[in-house]
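Engineer: My questions will all concern the structure given below.
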Amino acid sequence: MLDIIHFPLFLISVFLLCITPGPDLAYVIGQSVANGRRSGVISASGVALGSCTHALASAIGLTALITASPMLFTAIKYIGAAYLIYLGGKMVWETFIVKPQGCRSQTQVPRSNTRNLLVRGFIISITNPKVLLFFISFFPQFVVVEGNYHASSFLLLGLTYAVIGLITDVTFALLAGGAASAVSRNITLQKLLDRIVGMTFIGLGIRLALTRR
């Protein structure tokens, strides 16, 4: 398969990585529980778009360039960390605001929110330095050094990663979304979960900021 080797081992490794808790998974599950399955699936799609971007960047060498540049790597790391902290802080802050409309409806997601969910998932994925390191340090182990199709091989591996990530994220979204109807009927529980998810985002953002190469 082009210059790819040990592909079954690659699939297993990527699957294990995708089900490991991290910013992407926390975002998808948080949106599913708070706003329903559709929000979770849309969020997972945004994360997948970010993964596809990583795959393309890896194929043309941008990922290696960013990882090799301390300044670029640090900038992306802090942008991602700041964005997670912003999202978490916003979620926590909104729990203290009284909303006269009552409980949130879980049946539909407004069209304007659809784009927001996609963009947020994309940004969280694209600014995760651990994913950058994964692409540059892990993927080469499955590509023949002397091969003639490095770019195509990296692209295929990256897209495979994106597909597996989308499948696992959507699965978690559907499972977590089952609790959305119960949450929507309990304002106190809504606020508690929003605060937990928000604090989780803040914690992940701080951990991300402290990530070393």
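Each chain in the structure tokens gets a letter, A, B, ..., in the order shown, and its residues are numbered from 1; ligands are numbered from 1 in order too.
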List the neighbours of A:Asp24 out to 7 Å using only C-alpha atoms; skip same-chain residues closer than 3 positions along the sequence, and give me the result as a PyMOL selection string.
Structural biologist: chain A and resi 27-28+47+124-125
Engineer: Taking 4 positions as the minimum chain separation for residues in the same chain, which residues sit within 7 Å of A:Ile5 when counting only C-alpha atoms? Answer as a list in words.
Structural biologist: Phe142, Val143 and Val144 of chain A
Engineer: For the residues in that selection, give me N, CA, C and O atoms as a short mmCIF file (atom, residue, chain, number, x, y, z; two decimals), in the first residue's frame.
Structural biologist:
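Full text of again-v5.cif as output:
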data_model
loop_
_atom_site.label_atom_id
_atom_site.label_comp_id
_atom_site.auth_asym_id
_atom_site.auth_seq_id
_atom_site.Cartn_x
_atom_site.Cartn_y
_atom_site.Cartn_z
N PHE A 142 5.61 4.15 10.20
CA PHE A 142 4.80 3.28 9.35
C PHE A 142 4.99 3.60 7.86
O PHE A 142 4.16 3.22 7.04
N VAL A 143 6.07 4.30 7.54
CA VAL A 143 6.37 4.64 6.15
C VAL A 143 7.80 4.22 5.85
O VAL A 143 8.72 4.50 6.63
N VAL A 144 7.99 3.55 4.72
CA VAL A 144 9.32 3.09 4.32
C VAL A 144 10.22 4.30 4.07
O VAL A 144 9.85 5.22 3.33
#
Engineer: My list of candidates is A:Ser13, A:Ser58, A:Asn128, A:Ser69. Which is closest to A:Leu155 when distances are computed with only C-alpha atoms?
Structural biologist: A:Ser58
Engineer: Which residues come within 12 Å of A:Phe201, counting only C-alpha atoms, excluding same-chain residues fewer than 3 positions away, as a short mmCIF file (atom, residue, chain, number, x, y, z; two decimals) with C-alpha atoms, in the first residue's frame?
Structural biologist:
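Output file out.cif is given in full below:
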data_model
loop_
_atom_site.label_atom_id
_atom_site.label_comp_id
_atom_site.auth_asym_id
_atom_site.auth_seq_id
_atom_site.Cartn_x
_atom_site.Cartn_y
_atom_site.Cartn_z
CA PRO A 21 -9.43 11.41 26.89
CA GLY A 22 -8.24 14.72 25.50
CA PRO A 23 -9.50 18.16 24.39
CA ASP A 24 -11.21 16.80 21.25
CA LEU A 25 -13.12 14.05 23.03
CA ALA A 26 -13.99 16.28 25.98
CA TYR A 27 -15.46 18.87 23.61
CA VAL A 28 -17.57 16.33 21.71
CA ILE A 29 -18.92 14.63 24.84
CA GLY A 30 -19.57 17.96 26.54
CA GLN A 31 -21.62 19.25 23.62
CA GLY A 80 -4.95 26.30 21.53
CA ALA A 81 -4.57 26.58 25.30
CA ALA A 82 -6.07 30.09 25.36
CA TYR A 83 -9.02 28.98 23.24
CA LEU A 84 -9.80 26.04 25.53
CA ILE A 85 -9.59 28.27 28.60
CA TYR A 86 -11.85 30.82 26.88
CA LEU A 87 -14.47 28.18 26.04
CA GLY A 88 -14.32 26.75 29.55
CA GLY A 89 -14.55 30.15 31.18
CA LYS A 90 -17.49 31.11 28.96
CA MET A 91 -19.37 27.93 29.89
CA VAL A 92 -18.79 28.47 33.61
CA ILE A 124 -9.52 22.70 19.12
CA ASP A 194 -21.74 22.99 32.24
CA ARG A 195 -19.50 23.93 35.15
CA ILE A 196 -17.84 20.51 35.16
CA VAL A 197 -17.24 20.60 31.40
CA GLY A 198 -16.11 24.22 31.58
CA LEU A 204 -7.03 20.93 29.63
CA GLY A 205 -6.04 24.39 28.42
CA ILE A 206 -3.63 24.83 31.32
CA ARG A 207 -2.18 21.37 30.74
CA LEU A 208 -1.83 22.17 27.05
#
Engineer: Work out how far atom CA of A:Cys52 is from atom CA of A:Phe154, in Å to one decimal.
Structural biologist: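 Between atom CA of A:Phe154 and atom CA of A:Cys52 the gap is 11.4 Å.
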Engineer: Set the distance at 10 Å and use only C-alpha atoms: which residues neighbour A:Ala57 once local chain neighbours fewer than 6 positions away are removed? I'd like the list as a ChimeraX atom specification.
Structural biologist: /A:51,63-66,132,135,151,154-155,158
Engineer: For the residues in that selection, give me C-alpha atoms as an mmCIF file, in the first residue's frame.
Structural biologist:
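File written: again_20.cif
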data_model
loop_
_atom_site.group_PDB
_atom_site.id
_atom_site.type_symbol
_atom_site.label_atom_id
_atom_site.label_comp_id
_atom_site.auth_asym_id
_atom_site.auth_seq_id
_atom_site.Cartn_x
_atom_site.Cartn_y
_atom_site.Cartn_z
ATOM 1 C CA SER A 51 -7.623 16.153 11.523
ATOM 2 C CA THR A 63 3.754 19.618 10.216
ATOM 3 C CA ALA A 64 7.493 18.898 10.252
ATOM 4 C CA LEU A 65 8.225 22.581 9.725
ATOM 5 C CA ILE A 66 5.987 23.673 12.600
ATOM 6 C CA LEU A 132 1.248 17.776 15.700
ATOM 7 C CA PHE A 135 1.887 13.182 13.170
ATOM 8 C CA ALA A 151 3.582 12.415 0.550
ATOM 9 C CA PHE A 154 1.440 10.385 4.902
ATOM 10 C CA LEU A 155 -1.788 11.711 3.415
ATOM 11 C CA GLY A 158 -3.578 11.076 8.065
#
Engineer: Go ahead and compute the interatomic distance for atom CA of A:Phe122 and atom CA of A:Gly50, in Å to one decimal.
Structural biologist: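 For atom CA of A:Phe122 relative to atom CA of A:Gly50, the distance reads 4.6 Å.
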Engineer: To one decimal place in Å, what is the distance between atom CA of A:Leu166 and atom CA of A:Ser43?
Structural biologist: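 Atom CA of A:Ser43 lies 9.8 Å from atom CA of A:Leu166.
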Engineer: Of the residues A:Leu210, A:Leu193, A:Leu17, A:Ala179, which is the one nearest to A:Ser32, using only C-alpha atoms?
Structural biologist: A:Ala179
Engineer: Taking only C-alpha atoms into account, which of A:Pro129, A:Leu62, A:Thr171, A:Val145 comes nearest A:Ala75?
Structural biologist: A:Pro129
Engineer: Among stretch 144-197 of chain A, which residues carry a DSSP assignment of alpha helix (DSSP H), reported as number ranges by chain?
Structural biologist: A: 150-177, 180-184, 187-197
Engineer: Skip A:His6 itself and residues of its chain fewer than 2 positions away, then list as a list in words all residues within 10 Å of it, counting only C-alpha atoms.
Structural biologist: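 Listed by chain and then number, they are Ile4, Pro8, Leu9, Phe10, Leu11, Gln141, Phe142 and Val143 of chain A.
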Engineer: Store the residues picked out above in a file with all heavy atoms, as a compact mmCIF listing (two decimals), in the first residue's frame.
Structural biologist:
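again.txt, freshly written:
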# COMPACT_ATOMS: atom_id res chain seq x y z
N ILE A 4 3.50 2.39 2.85
CA ILE A 4 3.03 2.15 4.21
C ILE A 4 3.35 0.73 4.64
O ILE A 4 3.18 -0.22 3.89
CB ILE A 4 1.51 2.39 4.30
CG1 ILE A 4 1.19 3.85 3.94
CG2 ILE A 4 0.99 2.06 5.70
CD1 ILE A 4 -0.28 4.14 3.86
N PRO A 8 -1.99 -2.70 9.96
CA PRO A 8 -2.89 -3.14 11.04
C PRO A 8 -2.47 -2.59 12.41
O PRO A 8 -3.33 -2.19 13.21
CB PRO A 8 -2.78 -4.67 10.98
CG PRO A 8 -2.40 -4.96 9.57
CD PRO A 8 -1.48 -3.84 9.18
N LEU A 9 -1.17 -2.57 12.68
CA LEU A 9 -0.69 -2.01 13.94
C LEU A 9 -0.99 -0.53 14.03
O LEU A 9 -1.33 -0.01 15.10
CB LEU A 9 0.82 -2.26 14.07
CG LEU A 9 1.49 -1.70 15.33
CD1 LEU A 9 0.87 -2.32 16.58
CD2 LEU A 9 2.99 -1.97 15.29
N PHE A 10 -0.89 0.16 12.89
CA PHE A 10 -1.22 1.58 12.85
C PHE A 10 -2.69 1.80 13.22
O PHE A 10 -3.02 2.70 14.00
CB PHE A 10 -0.93 2.13 11.45
CG PHE A 10 -1.38 3.56 11.25
CD1 PHE A 10 -0.60 4.60 11.69
CD2 PHE A 10 -2.58 3.84 10.62
CE1 PHE A 10 -1.01 5.92 11.51
CE2 PHE A 10 -3.01 5.14 10.43
CZ PHE A 10 -2.22 6.19 10.89
N LEU A 11 -3.57 1.00 12.65
CA LEU A 11 -5.01 1.13 12.93
C LEU A 11 -5.30 0.94 14.42
O LEU A 11 -6.07 1.71 15.02
CB LEU A 11 -5.80 0.10 12.11
CG LEU A 11 -5.76 0.25 10.59
CD1 LEU A 11 -6.53 -0.88 9.93
CD2 LEU A 11 -6.32 1.60 10.17
N GLN A 141 7.04 6.02 11.50
CA GLN A 141 7.34 4.63 11.84
C GLN A 141 6.60 3.65 10.93
O GLN A 141 6.94 2.47 10.89
CB GLN A 141 6.97 4.36 13.29
CG GLN A 141 7.69 5.24 14.30
CD GLN A 141 7.25 4.97 15.71
OE1 GLN A 141 7.10 3.81 16.12
NE2 GLN A 141 7.03 6.03 16.48
N PHE A 142 5.61 4.15 10.20
CA PHE A 142 4.80 3.28 9.35
C PHE A 142 4.99 3.60 7.86
O PHE A 142 4.16 3.22 7.04
CB PHE A 142 3.32 3.40 9.75
CG PHE A 142 3.05 2.97 11.15
CD1 PHE A 142 3.07 3.89 12.19
CD2 PHE A 142 2.80 1.64 11.45
CE1 PHE A 142 2.83 3.49 13.50
CE2 PHE A 142 2.57 1.23 12.75
CZ PHE A 142 2.59 2.15 13.77
N VAL A 143 6.07 4.30 7.54
CA VAL A 143 6.37 4.64 6.15
C VAL A 143 7.80 4.22 5.85
O VAL A 143 8.72 4.50 6.63
CB VAL A 143 6.21 6.15 5.89
CG1 VAL A 143 6.59 6.49 4.45
CG2 VAL A 143 4.78 6.59 6.17
Engineer: Between A:Gly203, A:Asp3, A:Val41, A:Ala34, which one has atoms that come closest to A:Leu117, using only C-alpha atoms?
Structural biologist: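 Using only C-alpha atoms, the shortest distance to A:Leu117 belongs to A:Val41.
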